[in-house]
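J.: One file is attached below, protein28.pdb, containing PDB, C-alpha atoms.
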ATOM      1  CA  MET A   1     151.656 -56.189  51.082  1.00  0.00           C
ATOM      2  CA  TYR A   2     155.048 -54.912  49.931  1.00  0.00           C
ATOM      3  CA  LEU A   3     157.840 -53.043  51.704  1.00  0.00           C
ATOM      4  CA  TYR A   4     160.160 -50.569  50.004  1.00  0.00           C
ATOM      5  CA  GLY A   5     163.603 -50.823  51.608  1.00  0.00           C
ATOM      6  CA  ALA A   6     165.325 -54.116  52.463  1.00  0.00           C
ATOM      7  CA  SER A   7     167.010 -53.240  55.759  1.00  0.00           C
ATOM      8  CA  GLY A   8     166.952 -53.907  59.482  1.00  0.00           C
ATOM      9  CA  HIS A   9     164.056 -51.459  59.695  1.00  0.00           C
ATOM     10  CA  ALA A  10     162.170 -53.625  57.201  1.00  0.00           C
ATOM     11  CA  LYS A  11     162.779 -56.703  59.373  1.00  0.00           C
ATOM     12  CA  VAL A  12     160.994 -54.998  62.279  1.00  0.00           C
ATOM     13  CA  ILE A  13     158.050 -54.008  60.051  1.00  0.00           C
ATOM     14  CA  ILE A  14     157.853 -57.594  58.768  1.00  0.00           C
ATOM     15  CA  ASP A  15     157.560 -58.729  62.411  1.00  0.00           C
ATOM     16  CA  ILE A  16     154.797 -56.146  63.008  1.00  0.00           C
ATOM     17  CA  LEU A  17     152.839 -57.283  59.965  1.00  0.00           C
ATOM     18  CA  ARG A  18     153.246 -60.962  60.814  1.00  0.00           C
ATOM     19  CA  ALA A  19     152.081 -60.250  64.391  1.00  0.00           C
ATOM     20  CA  ASN A  20     148.904 -58.869  62.774  1.00  0.00           C
ATOM     21  CA  ASN A  21     148.568 -61.919  60.483  1.00  0.00           C
ATOM     22  CA  ILE A  22     149.305 -59.798  57.399  1.00  0.00           C
ATOM     23  CA  GLU A  23     151.213 -61.568  54.661  1.00  0.00           C
ATOM     24  CA  VAL A  24     154.204 -59.784  53.152  1.00  0.00           C
ATOM     25  CA  THR A  25     154.480 -60.616  49.449  1.00  0.00           C
ATOM     26  CA  GLY A  26     157.935 -59.145  48.903  1.00  0.00           C
ATOM     27  CA  LEU A  27     160.226 -56.151  49.119  1.00  0.00           C
ATOM     28  CA  VAL A  28     161.611 -53.510  46.784  1.00  0.00           C
ATOM     29  CA  ASP A  29     165.158 -52.163  46.994  1.00  0.00           C
ATOM     30  CA  ASP A  30     167.425 -50.149  44.693  1.00  0.00           C
ATOM     31  CA  ASN A  31     170.416 -52.344  45.551  1.00  0.00           C
ATOM     32  CA  LEU A  32     170.619 -54.809  42.663  1.00  0.00           C
ATOM     33  CA  ALA A  33     172.872 -57.127  44.707  1.00  0.00           C
ATOM     34  CA  LEU A  34     169.986 -57.976  47.072  1.00  0.00           C
ATOM     35  CA  SER A  35     167.646 -60.827  46.187  1.00  0.00           C
ATOM     36  CA  GLU A  36     165.930 -61.768  49.462  1.00  0.00           C
ATOM     37  CA  LEU A  37     165.340 -60.673  53.062  1.00  0.00           C
ATOM     38  CA  CYS A  38     163.785 -62.850  55.771  1.00  0.00           C
ATOM     39  CA  GLY A  39     163.013 -65.413  53.084  1.00  0.00           C
ATOM     40  CA  LEU A  40     161.044 -62.874  51.042  1.00  0.00           C
ATOM     41  CA  PRO A  41     161.926 -61.992  47.445  1.00  0.00           C
ATOM     42  CA  ILE A  42     163.318 -58.562  46.594  1.00  0.00           C
ATOM     43  CA  CYS A  43     162.478 -56.863  43.302  1.00  0.00           C
ATOM     44  CA  HIS A  44     163.997 -53.604  42.097  1.00  0.00           C
ATOM     45  CA  ASP A  45     161.006 -51.683  40.761  1.00  0.00           C
ATOM     46  CA  ALA A  46     158.011 -50.473  42.796  1.00  0.00           C
ATOM     47  CA  LYS A  47     155.937 -49.592  39.722  1.00  0.00           C
ATOM     48  CA  ASN A  48     152.273 -50.305  40.428  1.00  0.00           C
ATOM     49  CA  LEU A  49     152.900 -52.318  43.603  1.00  0.00           C
ATOM     50  CA  SER A  50     150.213 -51.763  46.212  1.00  0.00           C
ATOM     51  CA  PRO A  51     149.697 -51.787  49.143  1.00  0.00           C
ATOM     52  CA  ILE A  52     153.219 -50.740  50.142  1.00  0.00           C
ATOM     53  CA  ILE A  53     154.966 -49.374  53.247  1.00  0.00           C
ATOM     54  CA  VAL A  54     158.222 -47.466  52.800  1.00  0.00           C
ATOM     55  CA  SER A  55     160.583 -49.195  55.240  1.00  0.00           C
ATOM     56  CA  VAL A  56     163.395 -46.612  55.259  1.00  0.00           C
ATOM     57  CA  GLY A  57     164.377 -44.892  58.512  1.00  0.00           C
ATOM     58  CA  ASN A  58     165.848 -41.703  57.013  1.00  0.00           C
ATOM     59  CA  CYS A  59     163.066 -39.092  56.893  1.00  0.00           C
ATOM     60  CA  GLN A  60     164.178 -37.264  53.735  1.00  0.00           C
ATOM     61  CA  ILE A  61     164.836 -40.451  51.761  1.00  0.00           C
ATOM     62  CA  ARG A  62     161.471 -41.873  52.883  1.00  0.00           C
ATOM     63  CA  LYS A  63     159.735 -38.716  51.579  1.00  0.00           C
ATOM     64  CA  ARG A  64     161.602 -38.884  48.260  1.00  0.00           C
ATOM     65  CA  ILE A  65     160.570 -42.525  47.760  1.00  0.00           C
ATOM     66  CA  VAL A  66     156.911 -41.838  48.594  1.00  0.00           C
ATOM     67  CA  ASP A  67     156.840 -38.849  46.232  1.00  0.00           C
ATOM     68  CA  ASN A  68     158.411 -40.937  43.462  1.00  0.00           C
ATOM     69  CA  ILE A  69     155.924 -43.797  43.931  1.00  0.00           C
ATOM     70  CA  CYS A  70     152.980 -41.375  43.803  1.00  0.00           C
ATOM     71  CA  ARG A  71     154.378 -39.599  40.741  1.00  0.00           C
ATOM     72  CA  THR A  72     155.255 -42.670  38.650  1.00  0.00           C
ATOM     73  CA  ASN A  73     152.559 -45.232  39.449  1.00  0.00           C
ATOM     74  CA  ASP A  74     149.653 -45.679  37.058  1.00  0.00           C
ATOM     75  CA  ILE A  75     147.447 -46.842  39.928  1.00  0.00           C
ATOM     76  CA  LYS A  76     146.491 -45.166  43.194  1.00  0.00           C
ATOM     77  CA  THR A  77     148.970 -46.607  45.671  1.00  0.00           C
ATOM     78  CA  VAL A  78     147.658 -47.598  49.083  1.00  0.00           C
ATOM     79  CA  PHE A  79     150.030 -46.865  51.981  1.00  0.00           C
ATOM     80  CA  PRO A  80     148.740 -48.871  54.986  1.00  0.00           C
ATOM     81  CA  ILE A  81     149.318 -48.162  58.666  1.00  0.00           C
ATOM     82  CA  ALA A  82     151.167 -50.844  60.663  1.00  0.00           C
ATOM     83  CA  ILE A  83     150.726 -51.001  64.447  1.00  0.00           C
ATOM     84  CA  HIS A  84     152.280 -53.741  66.563  1.00  0.00           C
ATOM     85  CA  PRO A  85     149.744 -55.415  68.904  1.00  0.00           C
ATOM     86  CA  SER A  86     151.905 -54.507  71.927  1.00  0.00           C
ATOM     87  CA  ALA A  87     151.602 -50.767  71.182  1.00  0.00           C
ATOM     88  CA  ILE A  88     149.061 -48.763  73.182  1.00  0.00           C
ATOM     89  CA  VAL A  89     147.122 -46.325  71.001  1.00  0.00           C
ATOM     90  CA  SER A  90     144.360 -44.122  72.406  1.00  0.00           C
ATOM     91  CA  GLN A  91     141.019 -44.325  70.633  1.00  0.00           C
ATOM     92  CA  SER A  92     141.202 -40.536  70.191  1.00  0.00           C
ATOM     93  CA  ALA A  93     144.636 -40.636  68.519  1.00  0.00           C
ATOM     94  CA  SER A  94     144.830 -40.211  64.737  1.00  0.00           C
ATOM     95  CA  ILE A  95     147.485 -41.787  62.514  1.00  0.00           C
ATOM     96  CA  GLY A  96     148.240 -40.918  58.885  1.00  0.00           C
ATOM     97  CA  GLU A  97     148.812 -43.321  55.999  1.00  0.00           C
ATOM     98  CA  GLY A  98     152.088 -45.212  55.764  1.00  0.00           C
ATOM     99  CA  THR A  99     152.938 -44.686  59.435  1.00  0.00           C
ATOM    100  CA  VAL A 100     154.445 -47.483  61.538  1.00  0.00           C
ATOM    101  CA  VAL A 101     153.940 -47.771  65.315  1.00  0.00           C
ATOM    102  CA  MET A 102     156.425 -50.248  66.733  1.00  0.00           C
ATOM    103  CA  GLN A 103     156.603 -52.641  69.644  1.00  0.00           C
ATOM    104  CA  GLY A 104     155.743 -51.137  73.037  1.00  0.00           C
ATOM    105  CA  ALA A 105     155.104 -47.586  71.750  1.00  0.00           C
ATOM    106  CA  ILE A 106     152.417 -45.450  73.404  1.00  0.00           C
ATOM    107  CA  LEU A 107     150.218 -42.812  71.761  1.00  0.00           C
ATOM    108  CA  GLN A 108     148.036 -41.033  74.305  1.00  0.00           C
ATOM    109  CA  ALA A 109     144.765 -39.086  74.006  1.00  0.00           C
ATOM    110  CA  ASP A 110     144.307 -36.733  71.035  1.00  0.00           C
ATOM    111  CA  VAL A 111     147.768 -37.365  69.601  1.00  0.00           C
ATOM    112  CA  LYS A 112     147.936 -36.557  65.891  1.00  0.00           C
ATOM    113  CA  VAL A 113     150.549 -38.449  63.871  1.00  0.00           C
ATOM    114  CA  GLY A 114     151.022 -37.526  60.219  1.00  0.00           C
ATOM    115  CA  ARG A 115     151.775 -39.558  57.119  1.00  0.00           C
ATOM    116  CA  HIS A 116     154.746 -41.923  56.751  1.00  0.00           C
ATOM    117  CA  CYS A 117     156.034 -41.452  60.304  1.00  0.00           C
ATOM    118  CA  ILE A 118     157.939 -43.901  62.465  1.00  0.00           C
ATOM    119  CA  ILE A 119     156.985 -44.154  66.139  1.00  0.00           C
ATOM    120  CA  ASN A 120     159.759 -46.498  67.149  1.00  0.00           C
ATOM    121  CA  THR A 121     160.153 -49.118  69.883  1.00  0.00           C
ATOM    122  CA  LYS A 122     158.965 -47.985  73.343  1.00  0.00           C
ATOM    123  CA  ALA A 123     158.550 -44.339  72.298  1.00  0.00           C
ATOM    124  CA  SER A 124     156.004 -42.515  74.464  1.00  0.00           C
ATOM    125  CA  VAL A 125     153.984 -39.684  72.905  1.00  0.00           C
ATOM    126  CA  ASP A 126     151.721 -38.016  75.443  1.00  0.00           C
ATOM    127  CA  HIS A 127     148.384 -36.206  75.128  1.00  0.00           C
ATOM    128  CA  GLU A 128     147.712 -33.696  72.353  1.00  0.00           C
ATOM    129  CA  CYS A 129     151.103 -33.970  70.672  1.00  0.00           C
ATOM    130  CA  THR A 130     151.261 -33.255  66.942  1.00  0.00           C
ATOM    131  CA  ILE A 131     153.740 -35.237  64.868  1.00  0.00           C
ATOM    132  CA  GLU A 132     153.843 -33.938  61.291  1.00  0.00           C
ATOM    133  CA  ASP A 133     154.535 -36.014  58.141  1.00  0.00           C
ATOM    134  CA  PHE A 134     157.784 -37.999  57.650  1.00  0.00           C
ATOM    135  CA  VAL A 135     158.946 -37.685  61.280  1.00  0.00           C
ATOM    136  CA  HIS A 136     160.995 -40.390  63.025  1.00  0.00           C
ATOM    137  CA  ILE A 137     160.599 -40.689  66.805  1.00  0.00           C
ATOM    138  CA  ALA A 138     163.455 -43.061  67.706  1.00  0.00           C
ATOM    139  CA  PRO A 139     163.367 -45.860  70.306  1.00  0.00           C
ATOM    140  CA  GLY A 140     162.826 -44.869  73.917  1.00  0.00           C
ATOM    141  CA  CYS A 141     161.913 -41.224  73.323  1.00  0.00           C
ATOM    142  CA  THR A 142     159.509 -39.446  75.665  1.00  0.00           C
ATOM    143  CA  LEU A 143     157.370 -36.567  74.409  1.00  0.00           C
ATOM    144  CA  SER A 144     155.367 -34.824  77.134  1.00  0.00           C
ATOM    145  CA  GLY A 145     151.969 -33.276  76.401  1.00  0.00           C
ATOM    146  CA  ASN A 146     151.347 -30.709  73.648  1.00  0.00           C
ATOM    147  CA  VAL A 147     154.687 -31.200  71.899  1.00  0.00           C
ATOM    148  CA  MET A 148     154.798 -30.377  68.186  1.00  0.00           C
ATOM    149  CA  VAL A 149     157.376 -31.996  65.885  1.00  0.00           C
ATOM    150  CA  GLY A 150     157.676 -30.501  62.389  1.00  0.00           C
ATOM    151  CA  GLU A 151     157.763 -32.378  59.105  1.00  0.00           C
ATOM    152  CA  GLY A 152     160.861 -34.440  58.364  1.00  0.00           C
ATOM    153  CA  SER A 153     162.426 -34.154  61.823  1.00  0.00           C
ATOM    154  CA  TRP A 154     164.312 -36.933  63.580  1.00  0.00           C
ATOM    155  CA  ILE A 155     164.179 -37.221  67.383  1.00  0.00           C
ATOM    156  CA  GLY A 156     167.204 -39.295  68.481  1.00  0.00           C
ATOM    157  CA  VAL A 157     167.189 -42.386  70.687  1.00  0.00           C
ATOM    158  CA  GLY A 158     166.213 -41.811  74.304  1.00  0.00           C
ATOM    159  CA  SER A 159     165.513 -38.093  73.966  1.00  0.00           C
ATOM    160  CA  THR A 160     163.041 -36.326  76.240  1.00  0.00           C
ATOM    161  CA  ILE A 161     160.981 -33.315  75.191  1.00  0.00           C
ATOM    162  CA  ILE A 162     159.168 -31.367  77.911  1.00  0.00           C
ATOM    163  CA  GLN A 163     155.560 -30.236  77.535  1.00  0.00           C
ATOM    164  CA  GLY A 164     154.583 -27.527  75.062  1.00  0.00           C
ATOM    165  CA  ILE A 165     157.846 -27.544  73.071  1.00  0.00           C
ATOM    166  CA  LYS A 166     157.912 -26.990  69.304  1.00  0.00           C
ATOM    167  CA  ILE A 167     160.542 -28.724  67.181  1.00  0.00           C
ATOM    168  CA  GLY A 168     160.764 -27.201  63.688  1.00  0.00           C
ATOM    169  CA  LYS A 169     160.817 -28.926  60.314  1.00  0.00           C
ATOM    170  CA  ASN A 170     163.796 -31.014  59.162  1.00  0.00           C
ATOM    171  CA  CYS A 171     165.544 -30.946  62.530  1.00  0.00           C
ATOM    172  CA  ILE A 172     167.835 -33.560  64.046  1.00  0.00           C
ATOM    173  CA  ILE A 173     167.755 -33.949  67.827  1.00  0.00           C
ATOM    174  CA  GLY A 174     170.767 -35.940  69.046  1.00  0.00           C
ATOM    175  CA  ALA A 175     170.417 -39.110  71.110  1.00  0.00           C
ATOM    176  CA  GLY A 176     169.767 -38.660  74.817  1.00  0.00           C
ATOM    177  CA  SER A 177     168.898 -34.978  74.564  1.00  0.00           C
ATOM    178  CA  VAL A 178     166.594 -33.160  76.975  1.00  0.00           C
ATOM    179  CA  VAL A 179     164.712 -30.507  75.014  1.00  0.00           C
ATOM    180  CA  THR A 180     163.505 -27.620  77.198  1.00  0.00           C
ATOM    181  CA  LYS A 181     163.283 -24.853  74.559  1.00  0.00           C
ATOM    182  CA  ASP A 182     161.788 -24.605  71.074  1.00  0.00           C
ATOM    183  CA  ILE A 183     164.081 -25.645  68.202  1.00  0.00           C
ATOM    184  CA  PRO A 184     163.809 -23.670  64.904  1.00  0.00           C
ATOM    185  CA  ASP A 185     163.443 -25.253  61.460  1.00  0.00           C
ATOM    186  CA  GLY A 186     166.436 -27.020  59.961  1.00  0.00           C
ATOM    187  CA  CYS A 187     168.575 -27.199  63.109  1.00  0.00           C
ATOM    188  CA  LYS A 188     170.801 -29.868  64.577  1.00  0.00           C
ATOM    189  CA  ALA A 189     170.634 -29.843  68.361  1.00  0.00           C
ATOM    190  CA  TYR A 190     171.697 -32.072  71.207  1.00  0.00           C
ATOM    191  CA  GLY A 191     172.663 -32.160  74.876  1.00  0.00           C
ATOM    192  CA  VAL A 192     171.296 -31.824  78.381  1.00  0.00           C
ATOM    193  CA  PRO A 193     169.812 -29.329  78.120  1.00  0.00           C
ATOM    194  CA  CYS A 194     169.497 -29.518  74.337  1.00  0.00           C
ATOM    195  CA  LYS A 195     171.255 -26.693  72.429  1.00  0.00           C
ATOM    196  CA  VAL A 196     171.357 -25.819  68.744  1.00  0.00           C
ATOM    197  CA  VAL A 197     174.775 -26.729  67.302  1.00  0.00           C
ATOM    198  CA  GLY A 198     174.186 -26.247  63.592  1.00  0.00           C
TER     199      GLY A 198
END
What is this structure when it is put down as structure tokens?
T.:
Amino acid sequence: MYLYGASGHAKVIIDILRANNIEVTGLVDDNLALSELCGLPICHDAKNLSPIIVSVGNCQIRKRIVDNICRTNDIKTVFPIAIHPSAIVSQSASIGEGTVVMQGAILQADVKVGRHCIINTKASVDHECTIEDFVHIAPGCTLSGNVMVGEGSWIGVGSTIIQGIKIGKNCIIGAGSVVTKDIPDGCKAYGVPCKVVG
């Protein structure tokens, strides 16, 4: 198993994999000054490394890396799912490739999580929510039932989204926000209640 991105986020994924008795062979990072992380070697080319998890928190950068790996590799790259044993995941939930579910997170009945998402520490995603590809649900977020979060969106630390809300694609919801109305594609929004600011 390899990780792409030698960062604090990678350290947490290493802990998740080790908690599941999965050996991490090494990491990949573009920063040529880095040579090791957590005692693991860092190389600077992901060509034909598999399986691999992209351990980068930024949604757009994570997508760019995944697209580049898929475009340049001569082999079919496997992107595993990593779920910490302390997470609670309903048997009826579905999780896409490359997604990471961190310590203490909860995914309730019929939740659909897309590819290469991050469901971060103690995030709670309630029944029938849809999380599209390359989304980051930050630590301590609460999504009530039937929430939809569009591709590439980032839900900031400790935010709460009430039931039935739709967050568009490539949105940023500021930390601690309470979202009570739909947010269109490409917006930055924050506050209590959450308001579009850009």
J.: Quick one: apply the PyMOL selection byres ((chain A and resi 38) around 12) to the file and drop the selected residues here as an mmCIF file with C-alpha atoms, in the frame of the given file.
T.:
data_model
loop_
_atom_site.group_PDB
_atom_site.id
_atom_site.type_symbol
_atom_site.label_atom_id
_atom_site.label_comp_id
_atom_site.auth_asym_id
_atom_site.auth_seq_id
_atom_site.Cartn_x
_atom_site.Cartn_y
_atom_site.Cartn_z
ATOM 1 C CA ALA A 6 165.325 -54.116 52.463
ATOM 2 C CA SER A 7 167.010 -53.240 55.759
ATOM 3 C CA GLY A 8 166.952 -53.907 59.482
ATOM 4 C CA ALA A 10 162.170 -53.625 57.201
ATOM 5 C CA LYS A 11 162.779 -56.703 59.373
ATOM 6 C CA VAL A 12 160.994 -54.998 62.279
ATOM 7 C CA ILE A 13 158.050 -54.008 60.051
ATOM 8 C CA ILE A 14 157.853 -57.594 58.768
ATOM 9 C CA ASP A 15 157.560 -58.729 62.411
ATOM 10 C CA ARG A 18 153.246 -60.962 60.814
ATOM 11 C CA VAL A 24 154.204 -59.784 53.152
ATOM 12 C CA THR A 25 154.480 -60.616 49.449
ATOM 13 C CA GLY A 26 157.935 -59.145 48.903
ATOM 14 C CA LEU A 27 160.226 -56.151 49.119
ATOM 15 C CA LEU A 34 169.986 -57.976 47.072
ATOM 16 C CA SER A 35 167.646 -60.827 46.187
ATOM 17 C CA GLU A 36 165.930 -61.768 49.462
ATOM 18 C CA LEU A 37 165.340 -60.673 53.062
ATOM 19 C CA GLY A 39 163.013 -65.413 53.084
ATOM 20 C CA LEU A 40 161.044 -62.874 51.042
ATOM 21 C CA PRO A 41 161.926 -61.992 47.445
ATOM 22 C CA ILE A 42 163.318 -58.562 46.594
#
J.: List the spatial neighbours of stretch 151-156 of chain A as a count of residues only - criterion: any atom at most 6 Å away, all atoms listed in the file, same-chain residues fewer than 5 positions off excluded.
T.: 15
J.: Skip A:Asp45 itself and residues of its chain fewer than 2 positions away, then list as an MDAnalysis selection string all residues within 8 Å of it, counting all atoms listed in the file.
T.: chainID A and resid 28:30 43 47
J.: Take the PyMOL selection byres ((chain A and resi 103) around 6), run it mentally on this structure, and tell me the resulting residues as a ChimeraX atom specification.
T.: /A:84,86-87,102,104-105,121
J.: What's the 6 Å shell around A:Gln108, counting all atoms listed in the file, without same-chain residues fewer than 4 positions away, as a list in words?
T.: Ser90, Asp126 and His127 of chain A
J.: Which residues are near A:Ala93? Cut-off 10 Å, only C-alpha atoms, ignore same chain within fewer than 2 positions. Put them as an MDAnalysis selection string.
T.: chainID A and resid 89:91 95 107:113 127:129
J.: Taking 3 positions as the minimum chain separation for residues in the same chain, which residues sit within 9 Å of A:Gly176 when counting all atoms listed in the file? Answer as an MDAnalysis selection string.
T.: chainID A and resid 141 156:160 173 190:192
J.: What does the distance between atom CA of A:Ile162 and atom CA of A:Gly114 come to in Å, to one decimal place?
T.: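 Pair atom CA of A:Ile162 / atom CA of A:Gly114 returns 20.4 Å.
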J.: Using the chain letters and numbering of this document, enumerate as JSON, numbers by chain the residues selected by the PyMOL selection byres ((chain A and resi 164) around 8).
T.: {"A": [144, 145, 146, 147, 148, 162, 163, 165, 166]}
J.: Just to confirm, what's the straight-line distance from atom CA of A:Thr99 to atom CA of A:Asn31 in Å (one decimal)?
T.: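 Distance reported for this atom pair: 23.6 Å.
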